[in-house]
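Chemist: Sharing run_22.cif (mmCIF, N, CA and C atoms) below.
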data_coords
loop_
_atom_site.label_atom_id
_atom_site.label_comp_id
_atom_site.auth_asym_id
_atom_site.auth_seq_id
_atom_site.Cartn_x
_atom_site.Cartn_y
_atom_site.Cartn_z
N MET A 1 112.99 108.69 103.30
CA MET A 1 112.06 109.55 102.60
C MET A 1 112.86 110.61 101.85
N SER A 2 112.54 110.79 100.59
CA SER A 2 113.19 111.79 99.74
C SER A 2 112.14 112.70 99.13
N LYS A 3 112.46 113.96 99.03
CA LYS A 3 111.59 114.87 98.31
C LYS A 3 111.87 114.73 96.82
N ILE A 4 110.81 114.84 96.02
CA ILE A 4 110.96 114.73 94.57
C ILE A 4 110.27 115.92 93.89
N VAL A 5 110.74 116.22 92.69
CA VAL A 5 110.07 117.16 91.79
C VAL A 5 110.00 116.49 90.44
N GLY A 6 109.00 116.84 89.65
CA GLY A 6 108.88 116.19 88.35
C GLY A 6 107.78 116.79 87.52
N THR A 7 107.45 116.06 86.47
CA THR A 7 106.43 116.47 85.53
C THR A 7 105.54 115.28 85.19
N VAL A 8 104.24 115.55 85.13
CA VAL A 8 103.27 114.55 84.70
C VAL A 8 102.69 115.00 83.36
N ILE A 9 102.61 114.04 82.43
CA ILE A 9 101.91 114.26 81.17
C ILE A 9 100.77 113.25 81.14
N PHE A 10 99.54 113.76 81.06
CA PHE A 10 98.34 112.93 81.04
C PHE A 10 97.59 113.21 79.75
N GLN A 11 97.23 112.15 79.04
CA GLN A 11 96.52 112.33 77.77
C GLN A 11 95.38 111.32 77.68
N ASP A 12 94.19 111.83 77.26
CA ASP A 12 93.05 110.97 76.98
C ASP A 12 92.27 111.57 75.82
N GLU A 13 91.06 111.11 75.63
CA GLU A 13 90.26 111.58 74.49
C GLU A 13 89.94 113.08 74.56
N ASN A 14 90.11 113.69 75.72
CA ASN A 14 89.84 115.12 75.88
C ASN A 14 91.06 115.99 75.64
N GLY A 15 92.23 115.39 75.38
CA GLY A 15 93.43 116.16 75.13
C GLY A 15 94.56 115.82 76.08
N GLU A 16 95.57 116.68 76.08
CA GLU A 16 96.78 116.44 76.87
C GLU A 16 96.94 117.53 77.92
N ASN A 17 97.34 117.12 79.11
CA ASN A 17 97.65 118.04 80.20
C ASN A 17 99.05 117.76 80.70
N ASN A 18 99.84 118.82 80.88
CA ASN A 18 101.17 118.73 81.46
C ASN A 18 101.19 119.58 82.72
N TYR A 19 101.76 119.05 83.79
CA TYR A 19 101.85 119.84 85.00
C TYR A 19 103.02 119.38 85.87
N PRO A 20 103.62 120.33 86.59
CA PRO A 20 104.72 119.97 87.49
C PRO A 20 104.17 119.37 88.78
N ILE A 21 104.96 118.53 89.40
CA ILE A 21 104.59 117.96 90.69
C ILE A 21 105.75 118.12 91.67
N SER A 22 105.40 118.13 92.93
CA SER A 22 106.36 118.15 94.01
C SER A 22 105.80 117.21 95.07
N GLY A 23 106.61 116.26 95.50
CA GLY A 23 106.10 115.28 96.45
C GLY A 23 107.20 114.57 97.19
N ILE A 24 106.89 113.34 97.62
CA ILE A 24 107.87 112.54 98.34
C ILE A 24 107.93 111.13 97.77
N LEU A 25 109.07 110.51 97.94
CA LEU A 25 109.30 109.10 97.60
C LEU A 25 109.64 108.41 98.91
N ARG A 26 108.79 107.46 99.33
CA ARG A 26 108.96 106.80 100.61
C ARG A 26 108.51 105.35 100.50
N ASP A 27 109.35 104.42 100.89
CA ASP A 27 108.99 103.00 100.94
C ASP A 27 108.32 102.54 99.65
N ASN A 28 108.94 102.80 98.51
CA ASN A 28 108.41 102.42 97.19
C ASN A 28 107.05 103.03 96.90
N GLN A 29 106.82 104.23 97.41
CA GLN A 29 105.60 104.98 97.14
C GLN A 29 105.97 106.40 96.72
N ILE A 30 105.28 106.88 95.70
CA ILE A 30 105.38 108.28 95.31
C ILE A 30 104.08 108.94 95.74
N ILE A 31 104.19 110.05 96.45
CA ILE A 31 103.01 110.75 96.96
C ILE A 31 103.12 112.22 96.57
N TYR A 32 102.06 112.73 95.93
CA TYR A 32 102.04 114.15 95.59
C TYR A 32 100.59 114.63 95.52
N HIS A 33 100.42 115.95 95.51
CA HIS A 33 99.10 116.56 95.39
C HIS A 33 98.94 117.14 93.99
N GLU A 34 97.77 116.91 93.44
CA GLU A 34 97.38 117.48 92.15
C GLU A 34 96.12 118.28 92.43
N ASP A 35 96.28 119.60 92.54
CA ASP A 35 95.20 120.46 93.03
C ASP A 35 94.76 119.94 94.39
N LYS A 36 93.51 119.55 94.55
CA LYS A 36 93.01 119.07 95.85
C LYS A 36 92.93 117.55 95.90
N ILE A 37 93.66 116.89 95.01
CA ILE A 37 93.64 115.43 94.92
C ILE A 37 94.98 114.88 95.43
N LEU A 38 94.91 113.95 96.36
CA LEU A 38 96.10 113.26 96.83
C LEU A 38 96.36 112.06 95.92
N VAL A 39 97.54 112.03 95.31
CA VAL A 39 97.90 110.94 94.41
C VAL A 39 98.99 110.10 95.09
N THR A 40 98.75 108.80 95.17
CA THR A 40 99.71 107.86 95.73
C THR A 40 99.96 106.77 94.70
N ILE A 41 101.23 106.53 94.39
CA ILE A 41 101.60 105.46 93.46
C ILE A 41 102.47 104.48 94.23
N LYS A 42 101.99 103.25 94.36
CA LYS A 42 102.77 102.20 95.00
C LYS A 42 103.51 101.45 93.89
N LEU A 43 104.82 101.33 94.05
CA LEU A 43 105.67 100.71 93.04
C LEU A 43 106.04 99.28 93.43
N TYR A 44 105.84 98.36 92.51
CA TYR A 44 106.23 96.97 92.68
C TYR A 44 107.13 96.60 91.50
N ASP A 45 107.59 95.37 91.43
CA ASP A 45 108.48 94.96 90.34
C ASP A 45 107.85 95.13 88.96
N ASN A 46 106.70 94.53 88.74
CA ASN A 46 106.07 94.56 87.42
C ASN A 46 104.68 95.18 87.45
N LYS A 47 104.38 95.91 88.52
CA LYS A 47 103.05 96.50 88.61
C LYS A 47 103.09 97.74 89.47
N ILE A 48 102.03 98.55 89.35
CA ILE A 48 101.86 99.71 90.21
C ILE A 48 100.40 99.78 90.65
N GLU A 49 100.17 100.52 91.71
CA GLU A 49 98.81 100.82 92.12
C GLU A 49 98.71 102.35 92.22
N LEU A 50 97.80 102.91 91.44
CA LEU A 50 97.59 104.35 91.41
C LEU A 50 96.32 104.68 92.18
N ARG A 51 96.45 105.55 93.17
CA ARG A 51 95.29 105.93 93.97
C ARG A 51 95.13 107.45 93.92
N ARG A 52 93.93 107.90 93.63
CA ARG A 52 93.58 109.31 93.58
C ARG A 52 92.45 109.54 94.57
N LYS A 53 92.72 110.39 95.57
CA LYS A 53 91.75 110.56 96.65
C LYS A 53 91.46 112.04 96.86
N SER A 54 90.17 112.34 96.91
CA SER A 54 89.71 113.70 97.21
C SER A 54 88.54 113.59 98.18
N GLY A 55 87.93 114.70 98.51
CA GLY A 55 86.76 114.68 99.38
C GLY A 55 85.55 114.07 98.70
N GLU A 56 85.56 114.01 97.37
CA GLU A 56 84.42 113.51 96.60
C GLU A 56 84.55 112.05 96.18
N TYR A 57 85.77 111.58 96.02
CA TYR A 57 85.95 110.21 95.54
C TYR A 57 87.29 109.63 96.00
N ASP A 58 87.40 108.31 95.85
CA ASP A 58 88.63 107.58 96.12
C ASP A 58 88.74 106.53 95.03
N ILE A 59 89.72 106.70 94.14
CA ILE A 59 89.88 105.80 93.00
C ILE A 59 91.16 104.99 93.20
N THR A 60 91.07 103.68 93.10
CA THR A 60 92.23 102.81 93.18
C THR A 60 92.31 102.01 91.89
N LEU A 61 93.43 102.19 91.18
CA LEU A 61 93.62 101.53 89.88
C LEU A 61 94.92 100.74 89.90
N PRO A 62 94.84 99.41 89.91
CA PRO A 62 96.06 98.59 89.81
C PRO A 62 96.39 98.33 88.34
N PHE A 63 97.68 98.39 88.03
CA PHE A 63 98.15 98.14 86.66
C PHE A 63 99.23 97.08 86.70
N GLU A 64 99.07 96.08 85.84
CA GLU A 64 100.07 95.03 85.70
C GLU A 64 100.30 94.80 84.22
N LYS A 65 101.55 94.75 83.85
CA LYS A 65 101.95 94.68 82.45
C LYS A 65 101.16 93.63 81.67
N GLU A 66 100.49 94.11 80.61
CA GLU A 66 99.76 93.28 79.65
C GLU A 66 98.66 92.42 80.27
N LEU A 67 98.13 92.85 81.41
CA LEU A 67 97.05 92.11 82.05
C LEU A 67 95.84 93.03 82.25
N THR A 68 94.70 92.41 82.47
CA THR A 68 93.50 93.15 82.82
C THR A 68 93.29 93.00 84.33
N THR A 69 93.10 94.13 84.99
CA THR A 69 92.93 94.16 86.43
C THR A 69 91.60 94.87 86.76
N ILE A 70 91.22 94.83 88.02
CA ILE A 70 89.97 95.45 88.46
C ILE A 70 90.30 96.62 89.38
N GLY A 71 89.74 97.78 89.05
CA GLY A 71 89.90 98.98 89.87
C GLY A 71 88.58 99.33 90.54
N ILE A 72 88.67 100.23 91.52
CA ILE A 72 87.49 100.63 92.28
C ILE A 72 87.35 102.15 92.25
N TYR A 73 86.18 102.62 91.85
CA TYR A 73 85.78 104.01 91.96
C TYR A 73 84.82 104.10 93.14
N ASP A 74 85.24 104.73 94.23
CA ASP A 74 84.41 104.91 95.41
C ASP A 74 83.93 106.36 95.41
N ILE A 75 82.67 106.56 95.07
CA ILE A 75 82.10 107.90 94.97
C ILE A 75 81.44 108.21 96.32
N LYS A 76 82.01 109.16 97.04
CA LYS A 76 81.62 109.38 98.43
C LYS A 76 80.27 110.06 98.60
N CYS A 77 79.87 110.92 97.66
CA CYS A 77 78.62 111.68 97.86
C CYS A 77 77.39 110.79 97.91
N ASN A 78 77.44 109.64 97.24
CA ASN A 78 76.27 108.77 97.28
C ASN A 78 76.61 107.36 97.78
N GLY A 79 77.82 107.17 98.29
CA GLY A 79 78.21 105.89 98.85
C GLY A 79 78.29 104.77 97.82
N MET A 80 78.46 105.11 96.56
CA MET A 80 78.47 104.14 95.48
C MET A 80 79.91 103.69 95.16
N LYS A 81 80.08 102.40 94.99
CA LYS A 81 81.37 101.84 94.57
C LYS A 81 81.18 101.14 93.24
N LEU A 82 82.03 101.49 92.29
CA LEU A 82 81.98 100.89 90.96
C LEU A 82 83.27 100.16 90.66
N GLU A 83 83.16 98.96 90.14
CA GLU A 83 84.33 98.24 89.67
C GLU A 83 84.54 98.55 88.19
N VAL A 84 85.80 98.74 87.80
CA VAL A 84 86.14 98.95 86.40
C VAL A 84 87.24 97.97 86.01
N SER A 85 87.16 97.48 84.77
CA SER A 85 88.19 96.60 84.23
C SER A 85 89.21 97.45 83.50
N ILE A 86 90.48 97.26 83.84
CA ILE A 86 91.56 98.06 83.29
C ILE A 86 92.46 97.17 82.44
N GLU A 87 92.58 97.51 81.17
CA GLU A 87 93.48 96.79 80.27
C GLU A 87 94.79 97.58 80.20
N THR A 88 95.84 97.05 80.79
CA THR A 88 97.14 97.71 80.76
C THR A 88 97.85 97.35 79.46
N ILE A 89 98.09 98.36 78.64
CA ILE A 89 98.73 98.16 77.35
C ILE A 89 100.24 98.33 77.46
N LEU A 90 100.67 99.33 78.22
CA LEU A 90 102.09 99.60 78.40
C LEU A 90 102.33 99.98 79.85
N LEU A 91 103.33 99.39 80.46
CA LEU A 91 103.77 99.78 81.79
C LEU A 91 105.28 99.66 81.84
N GLU A 92 105.94 100.81 81.95
CA GLU A 92 107.39 100.85 82.08
C GLU A 92 107.73 101.60 83.36
N ILE A 93 108.41 100.91 84.28
CA ILE A 93 108.82 101.51 85.54
C ILE A 93 110.33 101.68 85.48
N GLY A 94 110.78 102.93 85.39
CA GLY A 94 112.21 103.22 85.35
C GLY A 94 112.72 103.68 86.70
N ASP A 95 114.00 104.05 86.75
CA ASP A 95 114.59 104.53 87.99
C ASP A 95 113.95 105.83 88.47
N ALA A 96 113.51 106.66 87.54
CA ALA A 96 112.91 107.94 87.90
C ALA A 96 111.78 108.29 86.94
N SER A 97 111.06 107.26 86.48
CA SER A 97 109.96 107.52 85.55
C SER A 97 108.96 106.37 85.57
N ILE A 98 107.74 106.70 85.17
CA ILE A 98 106.69 105.71 84.97
C ILE A 98 105.98 106.08 83.68
N LYS A 99 105.88 105.12 82.77
CA LYS A 99 105.11 105.30 81.55
C LYS A 99 103.99 104.27 81.56
N LEU A 100 102.78 104.74 81.30
CA LEU A 100 101.61 103.89 81.41
C LEU A 100 100.63 104.23 80.31
N LYS A 101 100.12 103.20 79.64
CA LYS A 101 99.02 103.35 78.68
C LYS A 101 98.01 102.29 79.02
N TYR A 102 96.74 102.72 79.09
CA TYR A 102 95.69 101.77 79.46
C TYR A 102 94.37 102.24 78.90
N ARG A 103 93.40 101.34 78.96
CA ARG A 103 92.02 101.72 78.64
C ARG A 103 91.10 100.99 79.60
N LEU A 104 90.01 101.65 79.90
CA LEU A 104 88.98 101.02 80.71
C LEU A 104 88.08 100.23 79.78
N LYS A 105 87.81 98.99 80.13
CA LYS A 105 86.98 98.13 79.27
C LYS A 105 85.59 98.74 79.07
N GLU A 106 85.14 99.54 80.03
CA GLU A 106 83.83 100.17 79.94
C GLU A 106 83.81 101.31 78.91
N ASN A 107 84.98 101.79 78.50
CA ASN A 107 85.11 102.85 77.50
C ASN A 107 86.31 102.53 76.61
N PRO A 108 86.24 101.48 75.79
CA PRO A 108 87.41 100.97 75.08
C PRO A 108 87.99 101.92 74.03
N GLY A 109 87.22 102.91 73.59
CA GLY A 109 87.74 103.83 72.60
C GLY A 109 88.66 104.89 73.17
N ASN A 110 88.72 105.00 74.48
CA ASN A 110 89.51 106.04 75.14
C ASN A 110 90.83 105.45 75.64
N LEU A 111 91.91 105.67 74.88
CA LEU A 111 93.25 105.26 75.29
C LEU A 111 93.81 106.35 76.20
N ILE A 112 94.23 105.97 77.38
CA ILE A 112 94.74 106.92 78.37
C ILE A 112 96.24 106.71 78.55
N SER A 113 96.99 107.81 78.53
CA SER A 113 98.44 107.78 78.74
C SER A 113 98.79 108.61 79.97
N TYR A 114 99.67 108.07 80.79
CA TYR A 114 100.17 108.75 81.97
C TYR A 114 101.68 108.59 81.96
N HIS A 115 102.41 109.70 82.05
CA HIS A 115 103.87 109.65 82.04
C HIS A 115 104.38 110.56 83.15
N LEU A 116 105.12 109.99 84.08
CA LEU A 116 105.71 110.74 85.19
C LEU A 116 107.22 110.63 85.09
N ASP A 117 107.89 111.78 85.06
CA ASP A 117 109.34 111.87 85.19
C ASP A 117 109.63 112.64 86.46
N TYR A 118 110.56 112.16 87.28
CA TYR A 118 110.86 112.86 88.51
C TYR A 118 112.33 112.72 88.87
N GLU A 119 112.77 113.58 89.78
CA GLU A 119 114.13 113.48 90.31
C GLU A 119 114.09 113.80 91.79
N GLN A 120 115.03 113.22 92.50
CA GLN A 120 115.11 113.47 93.93
C GLN A 120 115.83 114.78 94.18
N LYS A 121 115.27 115.57 95.10
CA LYS A 121 115.91 116.83 95.48
C LYS A 121 117.01 116.55 96.45
N LYS A 122 118.08 117.23 96.32
CA LYS A 122 119.24 117.06 97.23
C LYS A 122 119.08 117.92 98.45
#
Rewrite the structure from the file as structure tokens, please.
Modeler:
Amino acid sequence: MSKIVGTVIFQDENGENNYPISGILRDNQIIYHEDKILVTIKLYDNKIELRRKSGEYDITLPFEKELTTIGIYDIKCNGMKLEVSIETILLEIGDASIKLKYRLKENPGNLISYHLDYEQKK
């Protein structure tokens, strides 16, 4: 297990947000908190699984290069689970970075970008 620090850049139709992160890298997983949301990214060779969990929802989004995958939005307040189709446009997994561009088929006009750069703390 290694501690990491980094920066996330998230962009969608509502604009761009940049914020620092501090977390851990363990067993091919990056784990950090974004306000009250626990973010877990599972890293594989050509794919990732992004999970965002709070007291209100649990979102699991799998991304695989140039493929369409199915994600789950689990909304806890009403016990509703929604499936979403995710079109992965760009997925680059580097030694200390992840670049991702995707759109949800249910909202095809909204191109979403997620970019994480991080480094291990000594």
Chemist: Between atom N of Ile30 of chain A and atom C of Phe63 of chain A, what is the spacing in Å?
Modeler: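 Pair atom C of Phe63 of chain A / atom N of Ile30 of chain A returns 14.6 Å.
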Chemist: Atom C of Lys81 of chain A and atom C of Arg26 of chain A, how far apart in Å?
Modeler: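 Separation of atom C of Arg26 of chain A and atom C of Lys81 of chain A: 28.6 Å.
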Chemist: Determine the residue membership of the PyMOL selection byres (((chain A and resi 35 and name CA) around 12) and name CA) for the file above and supply it as a list in words.
Modeler: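 In the shown coordinates, the PyMOL selection byres (((chain A and resi 35 and name CA) around 12) and name CA) covers Tyr19, Pro20, Ile21, Ser22, Tyr32, His33, Glu34, Lys36, Ile37, Leu38, Val39, Arg52, Lys53 and Ser54 of chain A.
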Chemist: Taking the file as shown, what set of residues would the PyMOL selection byres ((chain A and resi 69-77) around 7) give back, as a ChimeraX atom specification?
Modeler: /A:55-64,67-68,78-88
Chemist: Only N, CA and C atoms, please: the residues just picked out, written as a PDB file, in the coordinates of the input.
Modeler:
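This is the output file again31.pdb:
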ATOM      1  N   GLY A  55      87.930 114.700  98.510  1.00  0.00           N
ATOM      2  CA  GLY A  55      86.760 114.680  99.380  1.00  0.00           C
ATOM      3  C   GLY A  55      85.550 114.070  98.700  1.00  0.00           C
ATOM      4  N   GLU A  56      85.560 114.010  97.370  1.00  0.00           N
ATOM      5  CA  GLU A  56      84.420 113.510  96.600  1.00  0.00           C
ATOM      6  C   GLU A  56      84.550 112.050  96.180  1.00  0.00           C
ATOM      7  N   TYR A  57      85.770 111.580  96.020  1.00  0.00           N
ATOM      8  CA  TYR A  57      85.950 110.210  95.540  1.00  0.00           C
ATOM      9  C   TYR A  57      87.290 109.630  96.000  1.00  0.00           C
ATOM     10  N   ASP A  58      87.400 108.310  95.850  1.00  0.00           N
ATOM     11  CA  ASP A  58      88.630 107.580  96.120  1.00  0.00           C
ATOM     12  C   ASP A  58      88.740 106.530  95.030  1.00  0.00           C
ATOM     13  N   ILE A  59      89.720 106.700  94.140  1.00  0.00           N
ATOM     14  CA  ILE A  59      89.880 105.800  93.000  1.00  0.00           C
ATOM     15  C   ILE A  59      91.160 104.990  93.200  1.00  0.00           C
ATOM     16  N   THR A  60      91.070 103.680  93.100  1.00  0.00           N
ATOM     17  CA  THR A  60      92.230 102.810  93.180  1.00  0.00           C
ATOM     18  C   THR A  60      92.310 102.010  91.890  1.00  0.00           C
ATOM     19  N   LEU A  61      93.430 102.190  91.180  1.00  0.00           N
ATOM     20  CA  LEU A  61      93.620 101.530  89.880  1.00  0.00           C
ATOM     21  C   LEU A  61      94.920 100.740  89.900  1.00  0.00           C
ATOM     22  N   PRO A  62      94.840  99.410  89.910  1.00  0.00           N
ATOM     23  CA  PRO A  62      96.060  98.590  89.810  1.00  0.00           C
ATOM     24  C   PRO A  62      96.390  98.330  88.340  1.00  0.00           C
ATOM     25  N   PHE A  63      97.680  98.390  88.030  1.00  0.00           N
ATOM     26  CA  PHE A  63      98.150  98.140  86.660  1.00  0.00           C
ATOM     27  C   PHE A  63      99.230  97.080  86.700  1.00  0.00           C
ATOM     28  N   GLU A  64      99.070  96.080  85.840  1.00  0.00           N
ATOM     29  CA  GLU A  64     100.070  95.030  85.700  1.00  0.00           C
ATOM     30  C   GLU A  64     100.300  94.800  84.220  1.00  0.00           C
ATOM     31  N   LEU A  67      98.130  92.850  81.410  1.00  0.00           N
ATOM     32  CA  LEU A  67      97.050  92.110  82.050  1.00  0.00           C
ATOM     33  C   LEU A  67      95.840  93.030  82.250  1.00  0.00           C
ATOM     34  N   THR A  68      94.700  92.410  82.470  1.00  0.00           N
ATOM     35  CA  THR A  68      93.500  93.150  82.820  1.00  0.00           C
ATOM     36  C   THR A  68      93.290  93.000  84.330  1.00  0.00           C
ATOM     37  N   ASN A  78      77.440 109.640  97.240  1.00  0.00           N
ATOM     38  CA  ASN A  78      76.270 108.770  97.280  1.00  0.00           C
ATOM     39  C   ASN A  78      76.610 107.360  97.780  1.00  0.00           C
ATOM     40  N   GLY A  79      77.820 107.170  98.290  1.00  0.00           N
ATOM     41  CA  GLY A  79      78.210 105.890  98.850  1.00  0.00           C
ATOM     42  C   GLY A  79      78.290 104.770  97.820  1.00  0.00           C
ATOM     43  N   MET A  80      78.460 105.110  96.560  1.00  0.00           N
ATOM     44  CA  MET A  80      78.470 104.140  95.480  1.00  0.00           C
ATOM     45  C   MET A  80      79.910 103.690  95.160  1.00  0.00           C
ATOM     46  N   LYS A  81      80.080 102.400  94.990  1.00  0.00           N
ATOM     47  CA  LYS A  81      81.370 101.840  94.570  1.00  0.00           C
ATOM     48  C   LYS A  81      81.180 101.140  93.240  1.00  0.00           C
ATOM     49  N   LEU A  82      82.030 101.490  92.290  1.00  0.00           N
ATOM     50  CA  LEU A  82      81.980 100.890  90.960  1.00  0.00           C
ATOM     51  C   LEU A  82      83.270 100.160  90.660  1.00  0.00           C
ATOM     52  N   GLU A  83      83.160  98.960  90.140  1.00  0.00           N
ATOM     53  CA  GLU A  83      84.330  98.240  89.670  1.00  0.00           C
ATOM     54  C   GLU A  83      84.540  98.550  88.190  1.00  0.00           C
ATOM     55  N   VAL A  84      85.800  98.740  87.800  1.00  0.00           N
ATOM     56  CA  VAL A  84      86.140  98.950  86.400  1.00  0.00           C
ATOM     57  C   VAL A  84      87.240  97.970  86.010  1.00  0.00           C
ATOM     58  N   SER A  85      87.160  97.480  84.770  1.00  0.00           N
ATOM     59  CA  SER A  85      88.190  96.600  84.230  1.00  0.00           C
ATOM     60  C   SER A  85      89.210  97.450  83.500  1.00  0.00           C
ATOM     61  N   ILE A  86      90.480  97.260  83.840  1.00  0.00           N
ATOM     62  CA  ILE A  86      91.560  98.060  83.290  1.00  0.00           C
ATOM     63  C   ILE A  86      92.460  97.170  82.440  1.00  0.00           C
ATOM     64  N   GLU A  87      92.580  97.510  81.170  1.00  0.00           N
ATOM     65  CA  GLU A  87      93.480  96.790  80.270  1.00  0.00           C
ATOM     66  C   GLU A  87      94.790  97.580  80.200  1.00  0.00           C
ATOM     67  N   THR A  88      95.840  97.050  80.790  1.00  0.00           N
ATOM     68  CA  THR A  88      97.140  97.710  80.760  1.00  0.00           C
ATOM     69  C   THR A  88      97.850  97.350  79.460  1.00  0.00           C
TER      70      THR A  88
END
Chemist: If we count only N, CA and C atoms and set the cut-off at 6 Å, which residues sit around Leu116 of chain A, ignoring sequence neighbours fewer than 2 positions away in its own chain? Please answer as a list in words.
Modeler: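 So, after excluding close chain neighbours, the residues are Thr7, Val8, Ile9, Ala96, Ser97, Ile98, Lys99, Tyr114 and Tyr118 of chain A.
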Chemist: Could you please take those selected residues and save N, CA and C atoms as a PDB file, in the coordinates of the input?
Modeler:
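Wrote it out as out-v2.pdb, contents follow:
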ATOM      1  N   THR A   7     107.450 116.060  86.470  1.00  0.00           N
ATOM      2  CA  THR A   7     106.430 116.470  85.530  1.00  0.00           C
ATOM      3  C   THR A   7     105.540 115.280  85.190  1.00  0.00           C
ATOM      4  N   VAL A   8     104.240 115.550  85.130  1.00  0.00           N
ATOM      5  CA  VAL A   8     103.270 114.550  84.700  1.00  0.00           C
ATOM      6  C   VAL A   8     102.690 115.000  83.360  1.00  0.00           C
ATOM      7  N   ILE A   9     102.610 114.040  82.430  1.00  0.00           N
ATOM      8  CA  ILE A   9     101.910 114.260  81.170  1.00  0.00           C
ATOM      9  C   ILE A   9     100.770 113.250  81.140  1.00  0.00           C
ATOM     10  N   ALA A  96     113.510 106.660  87.540  1.00  0.00           N
ATOM     11  CA  ALA A  96     112.910 107.940  87.900  1.00  0.00           C
ATOM     12  C   ALA A  96     111.780 108.290  86.940  1.00  0.00           C
ATOM     13  N   SER A  97     111.060 107.260  86.480  1.00  0.00           N
ATOM     14  CA  SER A  97     109.960 107.520  85.550  1.00  0.00           C
ATOM     15  C   SER A  97     108.960 106.370  85.570  1.00  0.00           C
ATOM     16  N   ILE A  98     107.740 106.700  85.170  1.00  0.00           N
ATOM     17  CA  ILE A  98     106.690 105.710  84.970  1.00  0.00           C
ATOM     18  C   ILE A  98     105.980 106.080  83.680  1.00  0.00           C
ATOM     19  N   LYS A  99     105.880 105.120  82.770  1.00  0.00           N
ATOM     20  CA  LYS A  99     105.110 105.300  81.550  1.00  0.00           C
ATOM     21  C   LYS A  99     103.990 104.270  81.560  1.00  0.00           C
ATOM     22  N   TYR A 114      99.670 108.070  80.790  1.00  0.00           N
ATOM     23  CA  TYR A 114     100.170 108.750  81.970  1.00  0.00           C
ATOM     24  C   TYR A 114     101.680 108.590  81.960  1.00  0.00           C
ATOM     25  N   TYR A 118     110.560 112.160  87.280  1.00  0.00           N
ATOM     26  CA  TYR A 118     110.860 112.860  88.510  1.00  0.00           C
ATOM     27  C   TYR A 118     112.330 112.720  88.870  1.00  0.00           C
TER      28      TYR A 118
END
Chemist: Report as a ChimeraX atom specification the residues that result from applying the PyMOL selection byres (((chain A and resi 43 and name CA) around 10) and name CA) to the structure here.
Modeler: /A:27-30,40-42,44-50,93,98
